[in-house]
file my_file-v5.txt (compact mmCIF, C-alpha atoms and all ligand atoms)
# COMPACT_ATOMS: atom_id res chain seq x y z
CA MET R 1 29.63 237.52 130.76
CA THR R 2 32.46 239.00 128.73
CA ASP R 3 31.26 241.37 126.04
CA LEU R 4 32.13 240.02 122.61
CA LEU R 5 33.24 242.17 119.71
CA PHE R 6 31.10 240.18 117.27
CA ASP R 7 29.06 237.01 117.09
CA ILE R 8 30.31 233.70 115.70
CA PRO R 9 28.12 230.71 114.83
CA ALA R 10 27.27 228.27 117.60
CA ASN R 11 28.77 224.81 117.12
CA PRO R 12 26.47 222.59 115.07
CA THR R 13 24.32 219.78 116.45
CA ILE R 14 23.19 216.34 115.32
CA PRO R 15 19.57 215.16 115.69
CA VAL R 16 19.00 212.07 117.85
CA MET R 17 16.40 209.54 116.76
CA GLY R 18 13.20 209.72 118.80
CA GLU R 19 14.37 212.62 120.96
CA ALA R 20 13.69 216.33 120.98
CA ALA R 21 17.13 217.30 122.26
CA ALA R 22 20.02 217.41 119.78
CA TYR R 23 23.62 216.27 120.28
CA PRO R 24 26.01 219.26 120.31
CA ILE R 25 29.35 218.80 118.52
CA HIS R 26 32.51 219.71 120.45
CA ARG R 27 35.25 218.09 118.29
CA ILE R 28 35.43 215.93 115.16
CA PHE R 29 38.15 213.26 115.08
CA CYS R 30 38.67 211.17 111.93
CA VAL R 31 40.59 207.89 111.62
CA GLY R 32 42.85 207.21 108.63
CA ARG R 33 43.18 203.85 106.85
CA ASN R 34 40.97 201.74 109.09
CA TYR R 35 39.89 199.23 106.42
CA ALA R 36 42.63 197.12 104.77
CA ALA R 37 41.09 197.21 101.29
CA HIS R 38 40.89 201.02 101.39
CA ALA R 39 44.51 201.34 102.56
CA ALA R 40 45.49 199.14 99.61
CA GLU R 41 43.58 201.28 97.10
CA MET R 42 45.38 204.34 98.52
CA GLY R 43 48.69 202.61 97.84
CA VAL R 44 49.75 202.17 101.45
CA GLU R 45 50.32 199.26 103.80
CA VAL R 46 48.16 199.04 106.90
CA ASP R 47 50.10 200.03 110.00
CA ARG R 48 48.88 197.75 112.81
CA GLU R 49 51.19 199.53 115.26
CA ALA R 50 48.80 202.37 116.07
CA PRO R 51 45.82 204.16 114.50
CA PHE R 52 46.30 207.70 113.23
CA TYR R 53 43.95 210.65 113.09
CA PHE R 54 43.17 213.99 111.56
CA THR R 55 40.53 216.47 112.68
CA LYS R 56 37.86 218.62 111.13
CA ALA R 57 36.61 221.84 112.68
CA PRO R 58 33.09 221.50 114.08
CA SER R 59 32.15 224.21 111.58
CA ALA R 60 32.79 221.65 108.79
CA ALA R 61 29.68 219.74 109.90
CA VAL R 62 26.60 219.68 107.68
CA ALA R 63 23.36 217.76 108.11
CA SER R 64 22.46 214.75 106.00
CA GLY R 65 20.08 215.72 103.23
CA ALA R 66 21.85 218.98 102.45
CA THR R 67 22.82 220.32 99.05
CA VAL R 68 26.34 221.76 99.23
CA PRO R 69 28.36 223.62 96.58
CA TYR R 70 31.23 221.81 94.89
CA PRO R 71 34.10 223.14 97.05
CA PRO R 72 36.77 225.57 95.86
CA GLY R 73 40.35 224.52 95.23
CA THR R 74 39.85 220.95 94.03
CA GLU R 75 39.29 219.00 90.85
CA ASN R 76 38.93 215.65 92.62
CA PHE R 77 36.34 215.82 95.42
CA HIS R 78 35.81 212.34 96.92
CA TYR R 79 33.16 210.67 99.09
CA GLU R 80 34.09 208.44 102.04
CA MET R 81 31.28 206.58 103.85
CA GLU R 82 31.96 206.08 107.57
CA LEU R 83 30.54 204.89 110.90
CA VAL R 84 30.31 207.82 113.32
CA VAL R 85 30.76 207.21 117.04
CA ALA R 86 29.41 209.94 119.34
CA LEU R 87 30.73 210.04 122.90
CA GLY R 88 28.44 210.58 125.87
CA ALA R 89 30.82 210.46 128.83
CA PRO R 90 34.19 212.00 129.69
CA VAL R 91 37.10 209.55 129.39
CA PHE R 92 40.85 209.98 129.84
CA ARG R 93 43.29 207.06 129.57
CA VAL R 94 40.39 204.61 129.48
CA SER R 95 41.07 200.89 128.94
CA VAL R 96 39.74 199.09 125.87
CA ASP R 97 37.49 197.05 128.17
CA ASP R 98 35.91 200.19 129.67
CA ALA R 99 35.81 202.32 126.51
CA ALA R 100 32.43 201.16 125.18
CA LYS R 101 30.69 202.72 128.20
CA ALA R 102 31.63 206.15 126.83
CA VAL R 103 29.62 205.71 123.62
CA PHE R 104 26.44 207.78 123.42
CA GLY R 105 25.39 206.56 120.01
CA TYR R 106 26.18 205.81 116.40
CA GLY R 107 25.40 207.38 113.06
CA CYS R 108 26.27 207.46 109.39
CA GLY R 109 28.80 210.03 108.22
CA LEU R 110 30.59 211.19 105.09
CA ASP R 111 34.22 212.35 105.22
CA MET R 112 34.23 214.43 102.04
CA THR R 113 37.79 214.97 100.83
CA ARG R 114 39.74 217.11 98.37
CA ARG R 115 41.69 214.02 97.25
CA ASP R 116 44.05 215.90 94.95
CA LEU R 117 45.14 218.20 97.77
CA GLN R 118 45.34 215.39 100.33
CA LEU R 119 47.60 213.32 98.08
CA ALA R 120 49.76 216.32 97.17
CA ALA R 121 50.23 217.07 100.87
CA ARG R 122 50.95 213.42 101.62
CA ALA R 123 53.63 213.33 98.91
CA LYS R 124 55.34 216.37 100.43
CA GLN R 125 54.93 215.05 104.00
CA ARG R 126 52.76 218.05 104.85
CA PRO R 127 49.55 218.13 106.93
CA TRP R 128 46.26 217.17 105.27
CA ASP R 129 44.15 220.14 106.40
CA LEU R 130 43.39 221.57 102.97
CA GLY R 131 42.42 218.11 101.78
CA LYS R 132 40.34 217.11 104.77
CA ASP R 133 39.16 220.09 106.84
CA VAL R 134 36.89 221.27 104.06
CA GLU R 135 33.79 223.40 104.69
CA ASN R 136 30.64 221.21 104.62
CA SER R 137 32.81 218.07 104.52
CA ALA R 138 31.64 216.34 107.70
CA VAL R 139 28.19 215.15 106.67
CA LEU R 140 26.25 213.71 109.61
CA ALA R 141 23.03 211.70 109.74
CA PRO R 142 20.84 211.52 112.89
CA LEU R 143 22.32 209.49 115.76
CA THR R 144 20.88 206.32 117.26
CA ARG R 145 21.55 205.70 120.95
CA ALA R 146 24.00 202.87 121.62
CA ALA R 147 21.42 200.96 123.68
CA SER R 148 19.34 200.60 120.49
CA VAL R 149 22.25 199.27 118.40
CA ALA R 150 23.26 195.62 118.40
CA GLY R 151 27.00 194.98 118.78
CA ILE R 152 29.14 196.62 116.11
CA GLY R 153 30.37 194.11 113.52
CA PRO R 154 27.91 192.33 111.25
CA GLN R 155 26.32 195.51 109.88
CA ARG R 156 26.70 196.29 106.18
CA ILE R 157 28.14 199.72 105.37
CA HIS R 158 27.49 200.99 101.86
CA LEU R 159 27.44 204.08 99.65
CA GLU R 160 25.90 204.82 96.28
CA VAL R 161 26.42 207.66 93.80
CA ASN R 162 23.30 208.31 91.72
CA GLY R 163 22.03 204.90 92.84
CA VAL R 164 25.13 202.96 91.74
CA VAL R 165 26.87 201.07 94.58
CA LYS R 166 30.45 202.31 95.08
CA GLN R 167 31.32 201.15 98.60
CA ASP R 168 30.07 197.90 100.14
CA ALA R 169 31.65 196.35 103.24
CA HIS R 170 30.88 195.35 106.82
CA LEU R 171 31.79 196.98 110.12
CA SER R 172 33.60 193.75 111.02
CA ASP R 173 36.19 194.88 108.44
CA LEU R 174 37.31 197.73 110.75
CA ILE R 175 40.99 197.26 111.59
CA TRP R 176 40.74 199.24 114.84
CA SER R 177 37.51 198.55 116.73
CA VAL R 178 35.41 201.30 118.31
CA PRO R 179 36.65 200.53 121.88
CA GLU R 180 40.26 200.38 120.65
CA LEU R 181 39.92 203.79 118.99
CA ILE R 182 38.32 205.43 122.02
CA SER R 183 40.94 203.95 124.35
CA HIS R 184 43.83 205.00 122.11
CA LEU R 185 42.55 208.55 121.54
CA SER R 186 41.88 208.95 125.27
CA HIS R 187 45.61 208.65 125.91
CA TYR R 188 46.11 211.90 123.96
CA TYR R 189 42.93 213.87 124.67
CA HIS R 190 40.52 214.39 127.53
CA LEU R 191 37.60 213.03 125.53
CA ARG R 192 34.18 214.31 126.53
CA PRO R 193 30.53 214.33 125.47
CA GLY R 194 30.26 216.17 122.16
CA ASP R 195 33.37 214.55 120.73
CA ILE R 196 32.64 212.42 117.67
CA ILE R 197 34.87 209.98 115.78
CA LEU R 198 34.57 209.19 112.07
CA THR R 199 36.03 205.70 112.06
CA GLY R 200 37.41 205.42 108.53
CA THR R 201 36.10 204.38 105.15
CA PRO R 202 35.93 201.07 103.28
CA ALA R 203 37.35 200.56 99.78
CA GLY R 204 35.70 202.10 96.73
CA VAL R 205 36.25 205.82 97.29
CA GLY R 206 35.89 208.01 94.24
CA PRO R 207 35.00 211.42 92.83
CA VAL R 208 31.70 213.25 92.60
CA VAL R 209 30.71 216.17 90.41
CA ALA R 210 28.01 218.83 90.51
CA GLY R 211 24.59 217.25 90.24
CA ASP R 212 25.59 213.95 91.85
CA VAL R 213 23.49 212.53 94.67
CA ILE R 214 25.28 210.47 97.33
CA THR R 215 23.33 208.03 99.48
CA GLY R 216 24.62 205.64 102.09
CA GLY R 217 23.67 203.47 105.00
CA ILE R 218 24.69 201.19 107.82
CA ASP R 219 22.29 198.43 108.92
CA GLY R 220 20.22 199.61 111.89
CA LEU R 221 21.14 203.30 111.59
CA GLU R 222 19.48 206.25 109.87
CA PRO R 223 20.63 206.54 106.24
CA ILE R 224 22.62 209.50 104.92
CA SER R 225 22.47 211.60 101.75
CA LEU R 226 24.23 214.56 100.18
CA THR R 227 23.64 216.42 96.91
CA LEU R 228 26.50 218.22 95.15
CA GLY R 229 25.58 221.59 93.76
CA PRO R 230 27.58 223.66 91.29
CA ALA R 231 30.78 225.39 92.34
CA GLU R 232 30.32 228.95 93.55
CA ALA R 233 31.03 231.60 90.94
MN MN W 301 37.87 209.12 106.05
call {"tool": "encode", "arguments": {"input": "my_file-v5.txt", "output": "structure tokens"}}
result
Amino acid sequence: MTDLLFDIPANPTIPVMGEAAAYPIHRIFCVGRNYAAHAAEMGVEVDREAPFYFTKAPSAAVASGATVPYPPGTENFHYEMELVVALGAPVFRVSVDDAAKAVFGYGCGLDMTRRDLQLAARAKQRPWDLGKDVENSAVLAPLTRAASVAGIGPQRIHLEVNGVVKQDAHLSDLIWSVPELISHLSHYYHLRPGDIILTGTPAGVGPVVAGDVITGGIDGLEPISLTLGPAEA
């Protein structure tokens, strides 16, 4: 073992329903504009040519149920409710037909976003990191193994702020399906167990402020929640 100058945190993990062992996070991929109604509310046309992605550092992960401070550097912090796909097998250049075999399980996730910074970066054709790779912005509920999940499609996906429904759609509204996303990404990365994909958000995104409680769910999966605390002094 190489001696290290100092310690850094271990990568975070996600609980798995009914199991003692947790799922360790290697990478977090996120899909942009994967529901037509959300693309429209963001003022952009859906590009059916190819999906696109951004990433969050594993250190951005936080467990469902947490209270997190309102983040620095934004005045427009948005929720995005998403289906999370967790991979359980290594795949590289996998076909769409074979991609589903790589899925370990599914969960609910929130892609919390500094919308003001994301849109400012978008307008200047700059990367989205300050808008998207926000500390505590990848909120993750416990995973359910794929074998316990009926086919992805009919499930309702929804999010509430302080009990008021803000997002309400179905997984059948996904533009790029889970196997299509895994296959496409696997042509650019050696995907492996520990890699998770946040598959995009339905329409209805909006801001939260300190004191707000976000709840969300997808039929058949563990629900998710997040409480916004005050900004740090
Ligand atoms: Mn998103």
call {"tool": "atom_distance", "arguments": {"input": "my_file-v5.txt", "atom1": "CA of Thr74 in chain R", "atom2": "CA of Ile224 in chain R"}}
result
23.4 Å
call {"tool": "closest_residue", "arguments": {"input": "my_file-v5.txt", "among": "R:Ala231, R:Arg126, R:Leu117, R:Phe54", "to": "Arg33 in chain R", "atoms": "only C-alpha atoms"}}
result
R:Phe54
call {"tool": "axis_aligned_box", "arguments": {"input": "my_file-v5.txt", "around": "range 139-157 of chain R", "padding_each_side": "6 Å", "output": "JSON"}}
result
{"center_x": 24.9, "center_y": 203.7, "center_z": 114.5, "size_x": 23.0, "size_y": 34.8, "size_z": 30.3}
call {"tool": "closest_residue", "arguments": {"input": "my_file-v5.txt", "among": "R:Gly32, R:Pro71, R:Gly43, R:Gly206", "to": "Gly229 in chain R", "atoms": "all atoms listed in the file"}}
result
R:Pro71
call {"tool": "closest_atom_pairs", "arguments": {"input": "my_file-v5.txt", "of": "chain R", "to": "ligand MN 301 (chain W)", "cutoff": "10 Å", "atoms": "all atoms listed in the file", "output": "CSV"}}
result
residue,atom,partner,partner_atom,distance
R:Phe29,CA,W:MN301,MN,9.9
R:Cys30,CA,W:MN301,MN,6.3
R:Val31,CA,W:MN301,MN,6.3
R:Gly32,CA,W:MN301,MN,5.9
R:Arg33,CA,W:MN301,MN,7.5
R:Asn34,CA,W:MN301,MN,8.6
R:His38,CA,W:MN301,MN,9.8
R:Tyr53,CA,W:MN301,MN,9.4
R:Phe54,CA,W:MN301,MN,9.1
R:His78,CA,W:MN301,MN,9.9
R:Tyr79,CA,W:MN301,MN,8.5
R:Glu80,CA,W:MN301,MN,5.6
R:Met81,CA,W:MN301,MN,7.4
R:Glu82,CA,W:MN301,MN,6.8
R:Leu83,CA,W:MN301,MN,9.8
R:Gly109,CA,W:MN301,MN,9.4
R:Leu110,CA,W:MN301,MN,7.6
R:Asp111,CA,W:MN301,MN,4.9
R:Met112,CA,W:MN301,MN,7.6
R:Thr113,CA,W:MN301,MN,7.8
R:Lys132,CA,W:MN301,MN,8.5
R:Ala138,CA,W:MN301,MN,9.7
R:Leu198,CA,W:MN301,MN,6.9
R:Thr199,CA,W:MN301,MN,7.2
R:Gly200,CA,W:MN301,MN,4.5
R:Thr201,CA,W:MN301,MN,5.1
R:Pro202,CA,W:MN301,MN,8.7
R:Val205,CA,W:MN301,MN,9.5
call {"tool": "closest_atom_pairs", "arguments": {"input": "my_file-v5.txt", "of": "range 38-87 of chain R", "to": "range 169-175 of chain R", "cutoff": "9 Å", "atoms": "all atoms listed in the file", "output": "CSV"}}
result
residue,atom,partner,partner_atom,distance
R:Val46,CA,R:Ile175,CA,8.8
R:Arg48,CA,R:Ile175,CA,8.0
R:Pro51,CA,R:Ile175,CA,8.9
R:Leu83,CA,R:Leu171,CA,8.0
call {"tool": "write_last_selection", "arguments": {"input": "my_file-v5.txt", "atoms": "C-alpha atoms", "output": "tab-separated table (two decimals), in the frame of the given file"}}
result
chain	number	residue	atom	x	y	z
R	46	VAL	CA	48.16	199.04	106.90
R	48	ARG	CA	48.88	197.75	112.81
R	51	PRO	CA	45.82	204.16	114.50
R	83	LEU	CA	30.54	204.89	110.90
call {"tool": "closest_residue", "arguments": {"input": "my_file-v5.txt", "among": "R:Arg114, R:Arg93, R:His184, R:Lys166", "to": "Gly204 in chain R", "atoms": "all atoms listed in the file"}}
result
R:Lys166
call {"tool": "atom_distance", "arguments": {"input": "my_file-v5.txt", "atom1": "CA of Ala10 in chain R", "atom2": "CA of Val91 in chain R"}}
result
24.2 Å
call {"tool": "atom_distance", "arguments": {"input": "my_file-v5.txt", "atom1": "CA of Val94 in chain R", "atom2": "CA of Tyr188 in chain R"}}
result
10.8 Å
call {"tool": "residues_around", "arguments": {"input": "my_file-v5.txt", "residues": "Ser183 in chain R", "least_positions_apart": "6", "cutoff": "10 Å", "atoms": "all atoms listed in the file", "output": "NGL selection string"}}
result
:R and (91-100 or 102 or 177 or 191)
call {"tool": "closest_residue", "arguments": {"input": "my_file-v5.txt", "among": "R:Thr2, R:Thr13, R:Thr215, R:Gln118", "to": "Pro58 in chain R", "atoms": "all atoms listed in the file"}}
result
R:Thr13
